[in-house]
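Encoded as structure tokens, the structure appears first; notes follow it.
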Amino acid sequence: MTSSPPHPHPHLLPAPTLLLTELQPGRTARIVHIHGDGSTTTRLHALGLLPEQTIRRQNTAPLGDPVAYDVEGQKISLRFSEAKLVEVLLVEDFKP
Amino acid sequence: MIAAKRPTAPPITRAPLIALMGNPNTGKSTIFNRLTGMRQRIANYPGITTEAKAGKMSLDGQTLDVLDLPGTYSLTASSPDERVVIDVLLGHGRTERPDLLVCILDASNLKRNLYLASQLAEFEIPMILVLNQWDIAQKRGQTISLERLEAQLGVPVVATVAAKGAGIDKLTEQIRAMLEKPRFMRRLEWRDCVQQAVDLVAGEIRQLGVELTRPEALRLLFDGNGALRQRLPASEAQVRDIIQKGQATVRSSGLNPCAAEAILHYEHIGRILGDAVEKNGPEEGRGSESIDQLLLHRFWGSVIFVGIMWVVFQSVYAWAGPLMDFIDGLTALAQDTVSPLLAGMPILNSLIVDGIIAGAGGVVIFLPQILILFLFIALLEDTGYMARAAFLMDKLFGWCGLNGKSFVPLLSGYACAIPGVMAARSLEDPRARITTIMLVPFMSCSARLPVYLLLIGAFIEPRYGTWAAGWALFGMHVVGVAVSVPIAWLVNRVFTRAPALPFILEMPGYKTPNVRNVLLKMWEGGREFLVRAGTVILAFSILIWALLYFPRDPAVEEPVTAALVAEQCAEGGISRAEVEAALADEESELAAELNNRIEGAYIEQSYLGRFGKAVQPAFALAGFDWKTTVGVISSFPAREVIIATLGITYSLGAEVDEVSEGLRERLARERWGSGPNEGQPVFTIPVVLAIMVFFALCSQCGATVAVIARQLSWRWAILSFTGMTALAWLGAVLVYQAGTLLSRLL
């Protein structure tokens with residue numbers, strides 16, 4: 001993997017990570033780590049949610065949970081209780 | 001040890017066994033259908049969702065057994081589906097180890113799909129990889145080199161578009177080639193730390209007296225809670241210790257044992273795909289994403305969802321209506337045709353007409369609803385909308401142990417519980433599936449409606465007006481949910497205290513449904529109901545018929561006739577001879593009245609009638625008289641029967657319906673003949689409410705019980721039956737007692 005993209009606030013390095021549940025709609029992040037050691041964690045890994053993988057928040061269900069994410073072109077819905085296991089680092093969107 | 005039990009029969013050269021595996025939504029079933037045609041049946045692996053299917057295909061005059069296993073993303077054996085897959089791979093299931101694996105991959109999502117294939121390679125069974133949905137992958141601008149993939153993996157790779165039948169010939173050709181000269185998929189070369197850990201686990205388990213194969217040791221290491229662990233003779237703690245030692249070895253080299261398997265496999269897959277797949281230019285606009293902008297919109301998505309469900313529900317409810325009337329008509333026609341032919345043999349006549357024909361009609365009548373619901377479910381699943389519906393509804397259902405996929409089964413329960421229970425098989429999570437199935441019969445199905453209409457029309461509407469009648473009807477439709485959902489919550493969250501299971505849902509891209517698949521799903525649903533549930537229902541119908549018919553002692557006719565004659569003489573001031581003359585004319589009203597009274601008396605004297613009278617004290621707490629009690633008990637096979645039974649016991653004949661004025665008036669006139677309430681009306685408002693609550697909660701449907709037994713087990717079916725019946729009794733008693741108390745206070 002190449003070096004991480006430039007952080008929006010270089011003076012605050014090391015970059016603060018956030019939980020997937022804190023990711024804003026439409027934003028993209030890079031997975032840092034998936035917490036836990038139960039079957040949910042194994043399952044998330046098996047679906048390809050691995051460190052270094054980028055993940056984008058897409059749709060939110062009407063009652064705010066679950067949330068759909070795009071992981072390499074596959075769309076996966078996670079409940080809050082599962083998404084909170086995923087620690088991510090925000091990737092700056094280079095939208096004009 | 002186990003082998004010694006088997007008698008040494010001459011070796012049977014069995015047909016080669018091919019197992020189909022793959023992720024969900026890869027078109028695996030379509031390929032299975034293409035290979036086997038209609039020569040398939042449901043393989044019996046209890047507890048799994050999208051059931052395994054066994055079929056046969058012919059190849060050069062030879063018959064091959066083909067097993068379609070449930071779709072799984074990985075071999076992590078935490079769900080029953082995945083356990084079945086592992087059992088089959090290891091030959092622990094009902095079959096020998098397969099001779100060939102056909103692993104179906106979604107060509108447009110190769111990376112994740114290869115994960116399962118890469119795990120399967122460990123089992124050293126010859127394998128063919130099928131890249132299905134090849135057209136979609138090409139549309140997305142991917143160039144996949146089949147030759148390079150083959151070279152990298154060491155096994156044949158076939159591209160197919162199963163929905164159109166493209167590539168199936170090539171697959172058949174490869175199956176033939178592989179059965180002659182097997183090839184094995186190249187395994188991932190594990191890092192040293194994993195190798196050491198596997199050896200350590202296998203070695204320690206060997207000391208417990210069990211020989212593990214390499215793939216078994218690997219699964220135990222990475223999936224300690226899986227299916228294998230339960231087969232080991234050691235204690236939980238012993239096995240956990242061994243697994244932890246193995247995992248510590250993995251961890252010591254800086255790998256997280258929980259993620260190691262995935263990370264290493266995906267690294268391996270990444271290398272292979274880097275060589276074999278090229279992306280040409282920018283990805284074509286993904287249609288699914290723009291559709292989702294609307295269908296998963298927080299407001300409009302919900303509106304559309306409600307609209308779609310309204311259409312589904314209306315169709316199941318309304319479209320099925322004419323078809324059901326038609327089947328009802330056919331049943332009546334058959335009865336009317338057969339009955340005169342058997343005029344000389346009353347017992348056989350009644351058995352065939354009231355028992356067998358009525359029972360068979362009572363089974364077939366559910367078919368339209370089942371077929372229509374399965375049509376919609378197949379359409380929703382095939383298009384990809386079902387996953388979206390589950391996504392939209394998940395939060396609403398998650399809190400009481402259900403999940404988003406419970407919605408469709410529960411909604412269809414409002415039309416009829418049977419297709420609802422059958423629809424619940426789409427829930428992968430076993431706990432959510434059981435909860436859903438147990439809740440479906442509480443939804444107020446259309447067979448309860450006649451009871452509500454009769455009682456509300458006879459007692460509530462005349463006294464309190466249309467407005468109150470509407471509310472009462474609405475209330476009865478809510479009672480079931482209001483009682484059952486809190487119970488589900490209590491059982492799931494308070495008593496079992498199990499944490500909520502994960503609900504990770506893949507939302508596949510939208511697709512045009514495949515007509516063949518849709519029709520096949522409808523056919524399977526209908527056939528399964530008729531064959532598996534229908535036989536049980538028919539048996540129950542005949543049993544109840546017998547209990548209502550026998551002992552049929554003709555001695556009951558005399559006192560009834562005498563009473564009627566005396567009554568007529570006293571009322572009309574006419575002579576005995578005149579009354580008897582009127583009775584002799586079979587067409588006269590009086591003769592019909594007598595006939596109805598005699599039928600009523602027979603029911604009273606039947607085994608079920610006696611039983612009803614015997615248990616009436618238990619129902620007296622709910623204010624039921626013996627006639628209502630017999631009606632309630634006789635309607636356990638099918639609740640709508642109560643109207644006809646009430647018609648017979650109230651001597652109006654069986655041809656009454658819920659809107660017939662005769663029955664309504666007769667019920668309103670009915671007074672207690674004895675006991676503490678002698679002379680008081682039987683049907684007071686508390687009694688009427690109690691009866692309706694009883695019907696709302698009670699499991700009075702043999703068909704539903706049979707279908708639950710089929711989908712889960714007889715244990716669950718019996719629990720559902722006894723639980724609902726107990727709740728119904730309790731609910732009726734509470735309503736009656738509270739109602740009576742209230743009416744005394746006011």
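We name chains A, B, ... following the order of the structure tokens; residues begin at 1 in each chain, and ligands are numbered from 1 as shown.
All residues in chain A with a DSSP state of helix (DSSP H, G or I), computed from the backbone, read A:Pro10, A:His11, A:Leu12, A:Leu20, A:Thr21, A:Glu22, A:Ser39, A:Thr40, A:Thr41, A:Thr42, A:Arg43, A:Leu44, A:His45, A:Ala46, A:Phe80, A:Ser81, A:Glu82, A:Ala83.
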With a distance threshold of 10 Å and counting only C-alpha atoms, extract the residues of chain A near chain B and express them as a PyMOL selection string.
-> chain A and resi 33-51+58-70+72-83
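A straight line drawn from atom CA of B:Leu746 to atom CA of B:Gln616 is 28.4 Å long.
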Contacts of stretch 238-243 of chain B within 7 Å, only C-alpha atoms, excl. fewer than 3 positions in-chain, as a list in words =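 Selected residues are Val201, Glu204, Leu221, Gly224, Ala234, Ser235, Gly246 and Gln247 of chain B.
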Could you save the residues just selected, with C-alpha atoms, as a CSV table (one decimal), in the first residue's frame?
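Everything below was put into out_11.csv:
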```csv
chain,number,residue,atom,x,y,z
B,201,VAL,CA,-4.0,-27.9,17.0
B,204,GLU,CA,-3.2,-31.6,20.7
B,221,LEU,CA,-8.2,-22.9,14.4
B,224,GLY,CA,-13.4,-22.2,17.1
B,234,ALA,CA,-13.4,-33.2,24.9
B,235,SER,CA,-14.9,-30.6,27.2
B,246,GLY,CA,-3.0,-22.3,18.2
B,247,GLN,CA,-4.3,-18.7,18.0
```
Counting only C-alpha atoms, the residue of A:Leu23, A:Leu85, A:Leu18, A:Ala29 that sits nearest A:Thr54 | A:Ala29
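In this comparison, which uses only C-alpha atoms, the residue of B:Ala706, B:Leu520, B:Leu375, B:Ile347 approaching B:Tyr549 most closely is B:Ile347.
The coordinates place atom CA of B:Phe695 at 22.0 Å from atom CA of B:Leu538.
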